[in-house]
Structure formats: C-alpha cells, structure tokens
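Student: Compact mmCIF, C-alpha atoms and all ligand atoms, saved as query_20.txt, coming up:
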# COMPACT_ATOMS: atom_id res chain seq x y z
CA MET O 2 11.70 -51.54 9.57
CA PRO O 3 10.35 -53.67 6.69
CA GLN O 4 10.80 -52.65 3.03
CA THR O 5 9.72 -49.12 2.07
CA LEU O 6 7.27 -48.64 -0.81
CA MET O 7 9.35 -47.14 -3.62
CA LYS O 8 6.82 -46.70 -6.39
CA ASP O 9 4.47 -43.85 -7.23
CA VAL O 10 0.77 -44.28 -6.52
CA HIS O 11 -1.01 -42.20 -9.11
CA ASP O 12 -4.62 -42.00 -7.95
CA ALA O 13 -7.26 -43.15 -5.47
CA ALA O 14 -7.91 -46.41 -7.37
CA GLU O 15 -4.22 -47.37 -7.23
CA ALA O 16 -4.12 -46.44 -3.54
CA CYS O 17 -7.11 -48.68 -2.81
CA ALA O 18 -5.50 -51.52 -4.77
CA LEU O 19 -2.56 -51.40 -2.33
CA GLY O 20 -4.93 -52.23 0.51
CA ASP O 21 -6.53 -50.79 3.61
CA GLU O 22 -3.31 -50.17 5.47
CA TYR O 23 -2.06 -47.73 2.82
CA VAL O 24 -5.40 -45.92 2.50
CA THR O 25 -5.79 -45.68 6.29
CA ALA O 26 -2.27 -44.31 6.66
CA LEU O 27 -2.86 -41.74 3.89
CA GLY O 28 -6.20 -40.89 5.46
CA LYS O 29 -4.59 -40.05 8.79
CA ILE O 30 -2.20 -37.62 7.14
CA ILE O 31 -4.72 -36.03 4.79
CA ASN O 32 -7.41 -35.67 7.44
CA SER O 33 -5.02 -34.07 9.90
CA HIS O 34 -4.39 -31.39 7.25
CA VAL O 35 -8.13 -31.07 6.55
CA ARG O 36 -8.69 -30.33 10.25
CA ASN O 37 -5.67 -28.19 10.91
CA GLU O 38 -5.95 -25.96 7.85
CA ALA O 39 -9.59 -25.24 8.75
CA ALA O 40 -8.74 -24.67 12.41
CA GLY O 41 -5.86 -22.37 11.48
CA ALA O 42 -8.11 -20.26 9.26
CA ALA O 43 -10.92 -20.13 11.81
CA VAL O 44 -8.89 -19.74 15.01
CA PHE O 45 -5.85 -17.72 13.90
CA ASP O 46 -6.44 -15.96 10.61
CA GLU O 47 -10.09 -14.91 10.51
CA PRO O 48 -10.26 -13.30 13.97
CA SER O 49 -6.93 -11.56 13.36
CA ILE O 50 -8.24 -9.60 10.38
CA ALA O 51 -9.92 -7.30 12.91
CA LEU O 52 -6.69 -6.97 14.95
CA ALA O 53 -4.57 -5.69 12.05
CA PRO O 54 -3.19 -2.23 12.83
CA THR O 55 -3.16 -0.90 9.23
CA PRO O 56 -5.34 -1.41 6.13
CA ARG O 57 -2.47 -3.14 4.36
CA GLU O 58 -1.95 -5.65 7.15
CA LYS O 59 -5.68 -6.27 7.33
CA TRP O 60 -5.72 -7.12 3.65
CA LEU O 61 -2.75 -9.42 3.94
CA ALA O 62 -4.42 -11.22 6.87
CA CYS O 63 -7.56 -11.54 4.75
CA ARG O 64 -5.63 -13.02 1.83
CA MET O 65 -3.92 -15.50 4.15
CA ALA O 66 -7.22 -16.48 5.80
CA MET O 67 -8.69 -17.23 2.36
CA GLU O 68 -5.63 -19.21 1.34
CA GLU O 69 -5.72 -21.36 4.50
CA TYR O 70 -9.40 -22.06 3.99
CA GLY O 71 -8.60 -22.95 0.38
CA HIS O 72 -5.91 -25.37 1.61
CA HIS O 73 -8.49 -27.00 3.87
CA LEU O 74 -10.81 -27.53 0.90
CA LYS O 75 -8.05 -28.94 -1.28
CA PHE O 76 -7.09 -31.53 1.33
CA ASN O 77 -10.78 -32.23 1.84
CA LYS O 78 -11.13 -32.96 -1.87
CA LEU O 79 -8.32 -35.53 -1.66
CA ALA O 80 -9.99 -37.11 1.38
CA ASN O 81 -13.23 -37.27 -0.52
CA GLU O 82 -11.63 -38.99 -3.54
CA LEU O 83 -10.26 -41.65 -1.20
CA GLY O 84 -13.67 -42.12 0.44
CA LEU O 85 -12.34 -41.21 3.88
CA GLU O 86 -14.44 -40.61 7.00
CA ASP O 87 -15.36 -37.03 7.86
CA ALA O 88 -12.20 -35.41 9.20
CA GLN O 89 -14.13 -32.86 11.24
CA SER O 90 -15.43 -35.58 13.54
CA ARG O 91 -12.07 -35.38 15.39
CA PRO O 92 -10.75 -32.24 17.05
CA PRO O 93 -7.80 -30.34 15.59
CA LEU O 94 -4.44 -30.39 17.36
CA SER O 95 -4.02 -28.65 20.69
CA VAL O 96 -1.88 -25.83 19.24
CA PHE O 97 -5.19 -24.38 18.03
CA ASP O 98 -6.13 -23.85 21.68
CA TYR O 99 -3.72 -20.90 21.56
CA GLN O 100 -5.75 -17.70 21.87
CA VAL O 101 -4.73 -14.95 19.49
CA GLU O 102 -5.17 -11.83 21.60
CA SER O 103 -3.01 -9.34 19.76
CA TRP O 104 -1.69 -8.59 16.30
CA THR O 105 1.77 -9.58 17.58
CA GLY O 106 0.38 -12.94 18.69
CA TYR O 107 -1.05 -13.48 15.20
CA VAL O 108 2.19 -12.53 13.48
CA MET O 109 3.98 -15.14 15.60
CA THR O 110 1.48 -17.86 14.63
CA LYS O 111 2.36 -17.24 10.98
CA ALA O 112 6.10 -17.28 11.72
CA ILE O 113 5.97 -20.38 13.93
CA VAL O 114 2.90 -22.57 13.34
CA ASP O 115 3.08 -22.13 9.57
CA LEU O 116 6.77 -23.02 9.76
CA ALA O 117 5.77 -26.31 11.39
CA GLU O 118 3.34 -26.80 8.52
CA ILE O 119 6.16 -26.19 6.03
CA VAL O 120 8.42 -28.77 7.71
CA LEU O 121 5.62 -31.36 7.46
CA MET O 122 4.70 -30.42 3.91
CA GLU O 123 8.28 -30.47 2.66
CA ASP O 124 8.40 -34.12 3.70
CA LEU O 125 5.09 -34.79 1.92
CA CYS O 126 6.47 -33.19 -1.26
CA GLN O 127 8.25 -36.57 -1.75
CA CYS O 128 5.16 -38.65 -0.83
CA SER O 129 4.42 -41.90 -2.69
CA TYR O 130 0.80 -40.78 -3.24
CA VAL O 131 1.15 -38.48 -6.25
CA PRO O 132 -2.04 -36.39 -5.70
CA LEU O 133 -0.87 -35.54 -2.17
CA ARG O 134 2.67 -34.85 -3.36
CA ARG O 135 1.36 -32.53 -6.08
CA LEU O 136 -0.98 -30.74 -3.72
CA CYS O 137 1.76 -30.09 -1.16
CA ARG O 138 4.13 -28.83 -3.83
CA SER O 139 1.46 -26.48 -5.15
CA LEU O 140 0.74 -25.06 -1.69
CA MET O 141 4.36 -24.41 -0.75
CA PRO O 142 4.62 -20.90 -2.31
CA GLU O 143 1.61 -19.75 -0.28
CA GLU O 144 2.91 -21.32 2.93
CA ARG O 145 6.30 -19.76 2.34
CA PHE O 146 4.65 -16.41 1.92
CA HIS O 147 2.79 -16.87 5.24
CA VAL O 148 6.02 -17.65 7.07
CA GLY O 149 7.83 -14.82 5.24
CA PHE O 150 5.10 -12.40 6.28
CA GLY O 151 5.37 -13.62 9.89
CA THR O 152 9.15 -13.37 9.94
CA THR O 153 9.39 -9.95 8.27
CA THR O 154 6.69 -8.44 10.48
CA ALA O 155 8.20 -10.06 13.59
CA LYS O 156 11.52 -8.37 12.84
CA GLN O 157 9.77 -4.99 12.77
CA LEU O 158 7.94 -5.76 16.02
CA ALA O 159 11.15 -6.96 17.68
CA ALA O 160 12.69 -3.55 17.12
CA ASP O 161 9.89 -1.90 19.11
CA PRO O 162 10.26 -2.17 22.90
CA ALA O 163 6.46 -1.85 23.23
CA THR O 164 5.81 -5.14 21.40
CA ARG O 165 8.97 -7.08 22.18
CA GLU O 166 7.81 -8.79 25.38
CA ASP O 167 4.44 -9.78 23.88
CA MET O 168 6.35 -11.22 20.95
CA ARG O 169 8.72 -13.17 23.15
CA SER O 170 5.98 -14.69 25.29
CA SER O 171 3.83 -15.53 22.22
CA ALA O 172 6.82 -17.16 20.54
CA HIS O 173 7.71 -19.25 23.58
CA ARG O 174 4.12 -20.37 24.11
CA LEU O 175 3.61 -21.21 20.45
CA ILE O 176 6.84 -23.19 20.14
CA THR O 177 5.98 -25.23 23.23
CA MET O 178 2.45 -25.83 21.98
CA THR O 179 3.60 -26.76 18.47
CA LEU O 180 6.05 -29.51 19.47
CA PRO O 181 3.33 -32.18 19.92
CA PHE O 182 2.15 -31.33 16.38
CA PHE O 183 4.90 -33.65 15.08
CA GLY O 184 3.60 -36.72 16.89
CA ARG O 185 4.99 -39.11 19.48
CA SER O 186 8.61 -40.16 19.40
CA ASP O 187 7.74 -43.86 19.32
CA SER O 188 4.82 -43.53 16.95
CA ARG O 189 3.59 -46.68 15.23
CA ASN O 190 1.73 -44.46 12.76
CA ASN O 191 4.94 -42.76 11.72
CA GLU O 192 6.54 -46.15 11.14
CA LEU O 193 3.67 -47.04 8.80
CA PHE O 194 3.92 -43.69 7.01
CA ARG O 195 7.59 -44.31 6.31
CA ARG O 196 7.09 -47.93 5.28
CA TRP O 197 4.50 -46.81 2.74
CA GLY O 198 6.71 -44.00 1.44
CA ILE O 199 4.19 -41.39 2.59
CA LYS O 200 6.74 -39.71 4.84
CA ARG O 201 10.50 -39.90 5.08
CA LEU O 202 11.19 -38.26 8.40
CA THR O 203 10.59 -39.72 11.83
CA ASN O 204 8.51 -37.53 14.13
CA ASP O 205 11.61 -36.62 16.11
CA GLU O 206 13.53 -35.70 12.95
CA ALA O 207 10.75 -33.37 11.84
CA ARG O 208 10.50 -31.90 15.35
CA THR O 209 14.27 -31.36 15.48
CA GLU O 210 14.15 -29.56 12.13
CA PHE O 211 11.37 -27.32 13.45
CA VAL O 212 13.41 -26.55 16.58
CA ARG O 213 16.46 -25.79 14.43
CA ARG O 214 14.59 -23.35 12.20
CA THR O 215 12.67 -21.62 14.99
CA ARG O 216 15.94 -21.29 16.93
CA VAL O 217 17.43 -19.45 13.95
CA LEU O 218 14.34 -17.23 13.86
CA LEU O 219 14.26 -16.41 17.55
CA CYS O 220 17.94 -16.27 18.45
CA ASP O 221 19.61 -15.11 15.22
CA GLU O 222 16.93 -13.01 13.54
CA LEU O 223 14.88 -11.60 16.42
CA GLY O 224 17.54 -11.53 19.13
CA LEU O 225 15.39 -13.47 21.61
CA ASP O 226 16.12 -16.42 23.89
CA TYR O 227 14.76 -19.88 23.07
CA PRO O 228 12.36 -21.70 25.40
CA GLU O 229 13.55 -24.84 27.12
CA VAL O 230 12.16 -27.69 25.07
CA GLU O 231 12.35 -31.43 25.00
CA PRO O 232 13.24 -32.66 21.48
CA ARG O 233 11.37 -35.90 22.12
CA TRP O 234 7.63 -36.15 22.67
CA PRO O 235 6.59 -39.20 24.67
CA GLY O 236 2.96 -38.08 25.11
CA THR O 237 -0.10 -38.43 22.94
CA THR O 238 -1.24 -35.91 20.34
CA ASN O 239 -4.94 -35.75 21.10
CA MET K 4 -25.14 -26.90 2.72
CA ALA K 5 -23.91 -27.93 -0.70
CA ARG K 6 -20.24 -28.84 -0.54
CA TYR K 7 -18.00 -27.40 -3.21
CA TYR K 8 -14.24 -27.82 -3.35
CA GLU K 9 -13.53 -25.82 -6.47
CA LEU K 10 -15.68 -23.45 -8.51
CA ASN K 11 -14.96 -21.48 -11.63
CA ALA K 12 -18.19 -19.53 -11.36
CA PRO K 13 -21.21 -19.43 -9.04
CA PRO K 14 -23.11 -22.74 -9.33
CA GLU K 15 -26.47 -23.10 -11.05
CA GLY K 16 -29.37 -21.90 -8.91
CA PHE K 17 -27.02 -20.09 -6.52
CA ALA K 18 -28.93 -16.78 -6.48
CA VAL K 19 -32.25 -18.50 -5.79
CA ASP K 20 -30.70 -20.66 -3.06
CA LEU K 21 -29.52 -17.58 -1.25
CA GLY K 22 -32.96 -15.97 -1.07
CA PRO K 23 -33.31 -12.16 -0.74
CA GLY K 24 -30.19 -10.39 -2.02
CA GLY K 25 -29.06 -13.55 -3.81
CA ASP K 26 -29.23 -11.89 -7.23
CA ARG K 27 -26.97 -9.14 -6.00
CA VAL K 28 -24.40 -11.59 -4.64
CA ALA K 29 -24.48 -13.49 -7.93
CA ALA K 30 -24.02 -10.25 -9.93
CA LEU K 31 -21.04 -9.33 -7.79
CA LEU K 32 -19.41 -12.72 -8.36
CA HIS K 33 -20.17 -12.60 -12.07
CA GLY K 34 -18.19 -9.35 -12.17
CA LEU K 35 -15.20 -11.25 -10.77
CA VAL K 36 -15.67 -14.03 -13.30
CA THR K 37 -15.97 -11.56 -16.18
CA TYR K 38 -13.01 -9.35 -15.36
CA LEU K 39 -10.58 -11.80 -13.79
CA PRO K 40 -9.10 -14.80 -15.61
CA PRO K 41 -9.35 -18.23 -13.91
CA GLY K 42 -6.62 -18.89 -11.37
CA ASP K 43 -4.70 -21.32 -13.57
CA ALA K 44 -4.89 -19.18 -16.73
CA PRO K 45 -2.31 -16.51 -17.54
CA HIS K 46 -3.37 -12.94 -17.03
CA ARG K 47 -4.93 -11.34 -20.10
CA ALA K 48 -4.85 -7.62 -20.36
CA GLU K 49 -7.45 -7.02 -23.08
CA ARG K 50 -10.58 -6.70 -20.98
CA GLY K 51 -10.67 -3.32 -19.26
CA PRO K 52 -13.32 -2.28 -16.76
CA SER K 53 -16.50 -0.72 -18.00
CA ALA K 54 -15.99 3.06 -18.24
CA GLY K 55 -19.73 3.73 -18.30
CA ARG K 56 -20.14 2.68 -14.68
CA VAL K 57 -17.80 5.16 -13.07
CA PRO K 58 -19.47 7.79 -10.88
CA ALA K 59 -17.96 11.28 -10.57
CA GLU K 60 -17.83 11.10 -6.81
CA MET K 61 -17.88 8.47 -4.06
CA SER K 62 -18.25 9.06 -0.30
CA GLY K 63 -18.32 12.81 -1.04
CA LEU K 64 -14.91 12.70 -2.74
CA PRO K 65 -13.96 13.09 -6.41
CA VAL K 66 -13.24 9.75 -8.06
CA ARG K 67 -9.74 9.22 -9.42
CA ARG K 68 -8.90 6.23 -11.61
CA VAL K 69 -5.47 4.67 -11.18
CA ASP K 70 -3.63 2.01 -13.15
CA ASP K 71 -1.29 1.04 -10.36
CA LEU K 72 -1.10 1.34 -6.60
CA PRO K 73 2.41 1.66 -5.25
CA ALA K 74 2.81 0.47 -1.64
CA ALA K 75 3.04 4.05 -0.41
CA VAL K 76 -0.41 4.86 -1.84
CA LEU K 77 -1.91 1.62 -0.56
CA ASP K 78 -0.69 2.49 2.94
CA ARG K 79 -2.59 5.78 2.86
CA VAL K 80 -6.08 4.33 2.31
CA ASP K 81 -8.23 5.95 4.98
CA PRO K 82 -8.52 3.53 7.92
CA LEU K 83 -11.78 5.23 8.98
CA TRP K 84 -13.41 4.22 5.70
CA GLN K 85 -12.23 0.71 6.30
CA ALA K 86 -13.59 0.75 9.86
CA LEU K 87 -16.92 1.99 8.55
CA LEU K 88 -17.16 -0.92 6.14
CA GLU K 89 -16.09 -3.36 8.82
CA ASN K 90 -18.90 -2.03 10.94
CA ARG K 91 -21.39 -2.46 8.10
CA ARG K 92 -20.16 -6.00 7.66
CA SER K 93 -20.59 -6.99 11.29
CA GLN K 94 -24.04 -5.38 11.45
CA ALA K 95 -25.10 -7.24 8.31
CA ARG K 96 -23.83 -10.51 9.74
CA ALA K 97 -25.68 -9.91 13.00
CA ARG K 98 -28.92 -9.19 11.11
CA LEU K 99 -28.53 -12.38 9.07
CA ARG K 100 -27.94 -14.34 12.27
CA ASP K 101 -31.05 -12.82 13.85
CA ALA K 102 -33.05 -13.72 10.74
CA ASP K 103 -31.81 -17.33 10.91
CA ARG K 104 -30.02 -16.88 7.58
CA GLU K 105 -26.55 -17.70 8.84
CA ASP K 106 -26.39 -20.78 6.63
CA ARG K 107 -27.16 -18.60 3.57
CA LEU K 108 -24.34 -16.26 4.53
CA GLU K 109 -22.04 -19.24 4.95
CA LEU K 110 -22.97 -20.57 1.51
CA ALA K 111 -22.49 -17.14 -0.08
CA GLU K 112 -19.10 -16.65 1.58
CA HIS K 113 -17.98 -20.17 0.71
CA VAL K 114 -18.84 -19.73 -2.97
CA ALA K 115 -17.39 -16.21 -3.06
CA MET K 116 -14.14 -17.46 -1.57
CA LEU K 117 -13.93 -20.36 -4.05
CA VAL K 118 -14.61 -18.15 -7.05
CA ALA K 119 -12.51 -15.16 -5.99
CA THR K 120 -9.39 -16.48 -4.24
CA PRO K 121 -7.77 -18.26 -7.22
CA ARG K 122 -8.82 -15.52 -9.64
CA LEU K 123 -7.07 -12.97 -7.45
CA ARG K 124 -3.87 -14.98 -7.01
CA PRO K 125 -0.95 -12.70 -7.92
CA ALA K 126 1.33 -13.67 -10.78
CA ASP K 127 4.23 -13.78 -8.31
CA PRO K 128 3.29 -15.60 -5.08
CA ALA K 129 5.95 -13.65 -3.16
CA ASP K 130 4.78 -10.21 -4.28
CA ALA K 131 3.56 -8.72 -0.98
CA ASP K 132 2.06 -5.63 -2.63
CA ALA K 133 0.01 -7.70 -5.05
CA LEU K 134 -1.07 -10.00 -2.19
CA ALA K 135 -2.18 -7.00 -0.14
CA MET K 136 -4.21 -5.73 -3.13
CA SER K 137 -5.67 -9.18 -3.64
CA GLY K 138 -6.59 -9.35 0.05
CA ALA K 139 -8.19 -5.91 -0.20
CA VAL K 140 -10.53 -7.06 -2.98
CA LEU K 141 -11.32 -10.28 -1.11
CA TRP K 142 -12.03 -8.33 2.04
CA LEU K 143 -14.36 -5.97 0.19
CA VAL K 144 -16.12 -8.82 -1.58
CA GLY K 145 -16.67 -10.54 1.80
CA THR K 146 -18.19 -7.35 3.15
CA LEU K 147 -20.42 -6.77 0.12
CA VAL K 148 -21.66 -10.36 0.12
CA ALA K 149 -22.88 -9.93 3.69
CA THR K 150 -24.47 -6.52 3.12
CA ALA K 151 -26.14 -7.62 -0.15
CA LEU K 152 -27.78 -10.57 1.61
CA ALA K 153 -28.81 -8.58 4.67
CA ASP K 154 -30.01 -5.38 2.97
CA ASP K 155 -30.94 -6.44 -0.58
CA ARG K 156 -30.55 -2.91 -1.91
CA ASP K 157 -28.45 -1.03 -4.48
CA ASP K 158 -24.85 -0.55 -3.52
CA ARG K 159 -22.41 1.53 -5.55
CA LEU K 160 -19.40 -0.42 -4.32
CA ALA K 161 -20.96 -3.68 -5.50
CA ASP K 162 -21.91 -2.07 -8.84
CA LEU K 163 -18.32 -1.01 -9.39
CA ILE K 164 -17.02 -4.53 -8.80
CA ALA K 165 -19.68 -5.92 -11.14
CA GLY K 166 -18.33 -3.46 -13.75
CA GLY K 167 -14.71 -4.55 -13.34
CA TRP K 168 -13.58 -1.86 -10.90
CA TRP K 169 -11.96 -2.20 -7.52
CA PRO K 170 -13.12 0.66 -5.26
CA VAL K 171 -9.88 1.10 -3.31
CA GLY K 172 -11.12 3.81 -0.96
CA PRO K 173 -10.28 7.40 0.02
CA VAL K 174 -6.64 8.42 -0.34
CA ASP K 175 -5.43 12.03 0.01
CA GLY K 176 -8.80 13.64 -0.70
CA ALA K 177 -9.81 11.47 -3.69
CA PHE K 178 -11.66 8.17 -3.93
CA LEU K 179 -9.44 5.78 -5.89
CA LEU K 180 -10.71 3.24 -8.39
CA ALA K 181 -8.37 0.65 -9.89
CA PRO K 182 -8.99 -2.11 -12.44
CA LEU K 183 -10.25 -5.22 -10.64
CA ASP K 184 -7.49 -7.32 -12.19
CA LEU K 185 -4.68 -5.13 -10.83
CA PRO K 186 -3.60 -7.75 -8.23
CA ARG K 187 -3.27 -10.29 -11.04
CA ARG K 188 -1.15 -8.18 -13.40
CA PRO K 189 2.48 -9.17 -13.63
CA ARG K 190 4.46 -6.32 -12.10
CA HIS K 191 6.65 -5.80 -15.16
CA GLU K 192 3.52 -4.84 -17.13
CA LEU K 193 3.01 -1.97 -14.73
CA LEU K 194 6.51 -0.58 -14.83
CA GLY K 195 6.80 2.72 -16.57
CA ARG K 196 3.09 3.43 -16.50
CA SER K 197 1.73 6.59 -15.04
CA SER K 198 -0.01 6.16 -11.69
CA HIS K 199 -3.29 7.74 -12.74
CA ALA K 200 -5.55 7.92 -15.75
FE FE W 301 -2.08 -23.71 4.96
FE FE W 302 -0.21 -21.07 6.09
Can you present the structure in this file as structure tokens?
Ligand SMILES: [Fe+2]
Ligand SMILES: [Fe+2]

Tutor:
Amino acid sequence: MPQTLMKDVHDAAEACALGDEYVTALGKIINSHVRNEAAGAAVFDEPSIALAPTPREKWLACRMAMEEYGHHLKFNKLANELGLEDAQSRPPLSVFDYQVESWTGYVMTKAIVDLAEIVLMEDLCQCSYVPLRRLCRSLMPEERFHVGFGTTTAKQLAADPATREDMRSSAHRLITMTLPFFGRSDSRNNELFRRWGIKRLTNDEARTEFVRRTRVLLCDELGLDYPEVEPRWPGTTN
Amino acid sequence: MARYYELNAPPEGFAVDLGPGGDRVAALLHGLVTYLPPGDAPHRAERGPSAGRVPAEMSGLPVRRVDDLPAAVLDRVDPLWQALLENRRSQARARLRDADREDRLELAEHVAMLVATPRLRPADPADADALAMSGAVLWLVGTLVATALADDRDDRLADLIAGGWWPVGPVDGAFLLAPLDLPRRPRHELLGRSSHA
C-alpha cells in the first residue's frame, strides 16, 4: 500500500485542500454513520420504548433513543461542513432489517450492534480528520453505556429460562447480520481509508475484533454457544 | 422542515411555526432552558424550582417533594400511570396525523430533543440511575409536546416542568415531584441528604 497520511487535518477547508479523494473517502465513512445512527434510533430504539417491561427500562430506552438520534445529527453536521451529498439518499446497512419483536431482542441489539459501532468508532478515534476524531471520542462514553446496558440486562435475562432461548436466537441472528457491517474483505474503499489515515484497521481486522468480543459476551458471560461465522466477507455491503 | 443540528434554546419564531399549541410547547422548553444548565456547562445548584407552582395534589394523590430518587423508589413508579400517559401520547400523535400536522409534531420533537438531551446529560455518563431519570424527563417531555400540540389546553404536568419540577409520578400512595435538574446533579452532592422535603 502507498504511503499513509500521517498528519492531522484540522477542518473542512484543510480536508478539501487535500483533494477529492480524501473528501470522498471521509464522506463515505461519515455518511454511513449518519445513516446508521438514524436507522438504529428509528428501527431499534424508538419502537423498543414501548416494549420495556418496567418504567425504569422504558426511561433508559428513551434516553438511548435520544442519544442515538443526537449521534445522527452530529455526524450529519460534519457531513454538512464538508458539503457532502445527502446521506439519506442511500439505504442503511442490512442489519437494520432485523425486526425487534421483544424486549430481549432489543437488549441484544444494544449488546451486539452497538458493540460493532464501538469497534468501528475506536478505530476512528485515531482518524486523521480531527473533527471526526473528536466527535468519535466524545460519543464513546454514551456508546459504552449502551453496550453496558445491553450486557448487564442480557446477563439477567440469561439467568431466566423463559427468556434464554429468545436471547440466544436474537444473538445468533444479530451477530450473523452484523458481520457485513465491517465491509468486504478485499475492499478498495478500506485501502483508501487506511492510506488517508482515516482508519487503521482492515475490514477483516475490525470484524475479527467484533467476533472476539461477542464471543467473550456469548460464551464467557452469558454461557451461550457462538454461531458459525465466516471471519471473511467476500460479498457486498448494500 | 428547518434543519437544526444543535440548539441551546428553541429557535426564533418556533411557537408560531408550530401553530395551535405552539406557545405551550415553547413554554415547556423554556422551562428546561431556565432550570437546566447547557450540556457543556457544569451543573449549578443555585436555581431551585419555583415553589409557588406546586399543587397540593396530583392524580388524586397528595404531592410529595423529593430531593433524590434512589433506584428502589424509581422502580416503584406506578406503571399504570405511565401506560396512561403513553396512551395519551399515541392518541395525540394520531390526532396530529389525522389533522395533517405530522410535520409540526416532527419539528416540535426535533427541537425538544435538541434542547433537552444535552441539558439532561448526567454528570457521570455511566451512572445508570441518573440516565434512567434523564430518560424519564425526556420521555415525559416527548409526551407533553405531542399532547400540547394536539390539545392546546392547560396541562398541570407541563406547568410543573415549566416551573422547574419533574413530575415523577405516583409512588406508594403519593405523587412525587423532584427538581428538574436532579438527573444532572453530581451524585456526591446528593449523598447524605434526606430523601424528602
Ligand atoms: Fe450511536
Ligand atoms: Fe449506541
């Protein structure tokens, strides 16, 4: 791979001065977060407020829904500063086709899909584009809370035989559906992201990290089996 | 719809833009702005809620003011009261849809979310109790925004928020009211305080 960009890019004007390739690459990353944060809030969080079994859980779901929508707007603001096309003109990733039908299903989206988000954002916390780096760093405490909520609640649900099977099947489905989230194994986009210092990890490295962490969650913390997964993703991601 | 990414307060002309009930939504949000510091500012304890606006009873129950809400109390908020409000919210939303005012509701909710979410961010992002309290206020604000737009009539819950109170709901035979900024208060400030006023 050719030389990696090592310097910090402080704002939209500096990004534009580096040329179209850098701005387009940044745009792909930022817009995918614009879409996916909005889809997460609309498809997972908002409908789940009504599924919460107790007032306290309802309120937590409400707080998380508002935070995800807030994340969407913050990424949207970055997109706007860079003069990017409207992110909503493309569909969100296929993991958002997952139907949340139960409170258990929702809890597992927070434990698993938000964990995927954390793996991606941790990489972006080193990004060459400083506004994106700063944004991701500022969102990490909230994302960690979402995953912590999912994990803690999942442990309680795992102890109850009535919810255990629903939890297992939700977890398996979500993990399988989330793997494409990390992009194709031989992605030309990812090569560009790394060359421009936007990302450090290859798609397969990020996917492997996600598999490692969800394996700890399922097998070590919840006492479940892990679905059979392919660590590489040769297909397309929408 | 106007696109806002960040708002410290409702934008100019917001109430008029919303049409009927817009003034009420704006008053509700001004309560949040008055009694909650901006999201990036440290919590300031000096502004207490307005004592003059506290009714003696709510929902047929005596009102009890509390300075803190331990998790065990929060867990005992009557789920029926919550279901009742949820029902009011969905009816209000349906009426707004039928009246072709869905875009007004969307604008009101968008602005409410932008104004309220950062102002209700707990001092400690990992404090689950404070996050639950924060979510409770957000949930109530979302409900009251919809009902204010749909009904355009006086609402004691909305009045309490405008006066700096969070109407928590019925717990053990009393209707609890807490300061609106409770989710923002650093937990160490609450230690050692009595649980009621
Ligand atoms: Fe998020
Ligand atoms: Fe999240």

Student: Within 8 Å of ligand FE 302 (chain W) (counting all atoms listed in the file), which residues show up? I'd like them as a compact mmCIF listing (two decimals) with C-alpha atoms, in the frame of the given file.

Tutor:
# COMPACT_ATOMS: atom_id res chain seq x y z
CA GLU O 38 -5.95 -25.96 7.85
CA GLY O 41 -5.86 -22.37 11.48
CA MET O 65 -3.92 -15.50 4.15
CA GLU O 68 -5.63 -19.21 1.34
CA GLU O 69 -5.72 -21.36 4.50
CA LYS O 111 2.36 -17.24 10.98
CA ASP O 115 3.08 -22.13 9.57
CA GLU O 118 3.34 -26.80 8.52
CA GLU O 143 1.61 -19.75 -0.28
CA GLU O 144 2.91 -21.32 2.93
CA ARG O 145 6.30 -19.76 2.34
CA PHE O 146 4.65 -16.41 1.92
CA HIS O 147 2.79 -16.87 5.24
CA VAL O 148 6.02 -17.65 7.07

Student: Could you check the closest approach to chain O for each of K:Glu15, K:Asp81, K:Asp70, K:Asp175 and tell me which residue wins, using all atoms listed in the file?

Tutor: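 Going through K:Glu15, K:Asp81, K:Asp70, K:Asp175 one by one, the smallest distance to chain O is for K:Asp81.
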
Student: Which residues come within 12 Å of O:Glu210, counting only C-alpha atoms, excluding same-chain residues fewer than 4 positions away, as a list in words?

Tutor: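 Using only C-alpha atoms, the neighbours found are Leu116, Ala117, Glu118, Ile119, Val120, Leu121, Glu123, Asp124, Leu180, Phe183, Leu202, Thr203, Asn204, Asp205, Glu206, Arg214, Thr215, Arg216, Val217 and Pro232 of chain O.
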
Student: Please list as a ChimeraX atom specification every residue within 6 Å of stretch 52-57 of chain K, counting only C-alpha atoms and excluding residues in the same chain fewer than 5 positions away.

Tutor: /K:166-168

Student: Kindly export the residues of the current selection with C-alpha atoms, as a PDB file, in the frame of the given file.

Tutor:
ATOM      1  CA  GLY K 166     -18.330  -3.460 -13.750  1.00  0.00           C
ATOM      2  CA  GLY K 167     -14.710  -4.550 -13.340  1.00  0.00           C
ATOM      3  CA  TRP K 168     -13.580  -1.860 -10.900  1.00  0.00           C
TER       4      TRP K 168
END

Student: Per residue of chain O within 6 Å of chain K, record the nearest atom pair and its distance in Å to one decimal, counting all atoms listed in the file, with rows in chain order and ascending residue number, as CSV.

Tutor:
residue,atom,partner,partner_atom,distance
O:Arg57,CA,K:Ala135,CA,5.9
O:Trp60,CA,K:Gly138,CA,4.3
O:Leu61,CA,K:Ala135,CA,4.8
O:Cys63,CA,K:Gly138,CA,5.3
O:Arg64,CA,K:Gly138,CA,4.2
O:Leu74,CA,K:Tyr8,CA,5.5
O:Phe146,CA,K:Ala129,CA,5.9

Student: Selected residues, C-alpha atoms, written as an mmCIF file, in the frame of the given file, please.

Tutor:
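Written out: selection_2.cif:
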data_model
loop_
_atom_site.group_PDB
_atom_site.id
_atom_site.type_symbol
_atom_site.label_atom_id
_atom_site.label_comp_id
_atom_site.auth_asym_id
_atom_site.auth_seq_id
_atom_site.Cartn_x
_atom_site.Cartn_y
_atom_site.Cartn_z
ATOM 1 C CA ARG O 57 -2.470 -3.140 4.360
ATOM 2 C CA TRP O 60 -5.720 -7.120 3.650
ATOM 3 C CA LEU O 61 -2.750 -9.420 3.940
ATOM 4 C CA CYS O 63 -7.560 -11.540 4.750
ATOM 5 C CA ARG O 64 -5.630 -13.020 1.830
ATOM 6 C CA LEU O 74 -10.810 -27.530 0.900
ATOM 7 C CA PHE O 146 4.650 -16.410 1.920
#
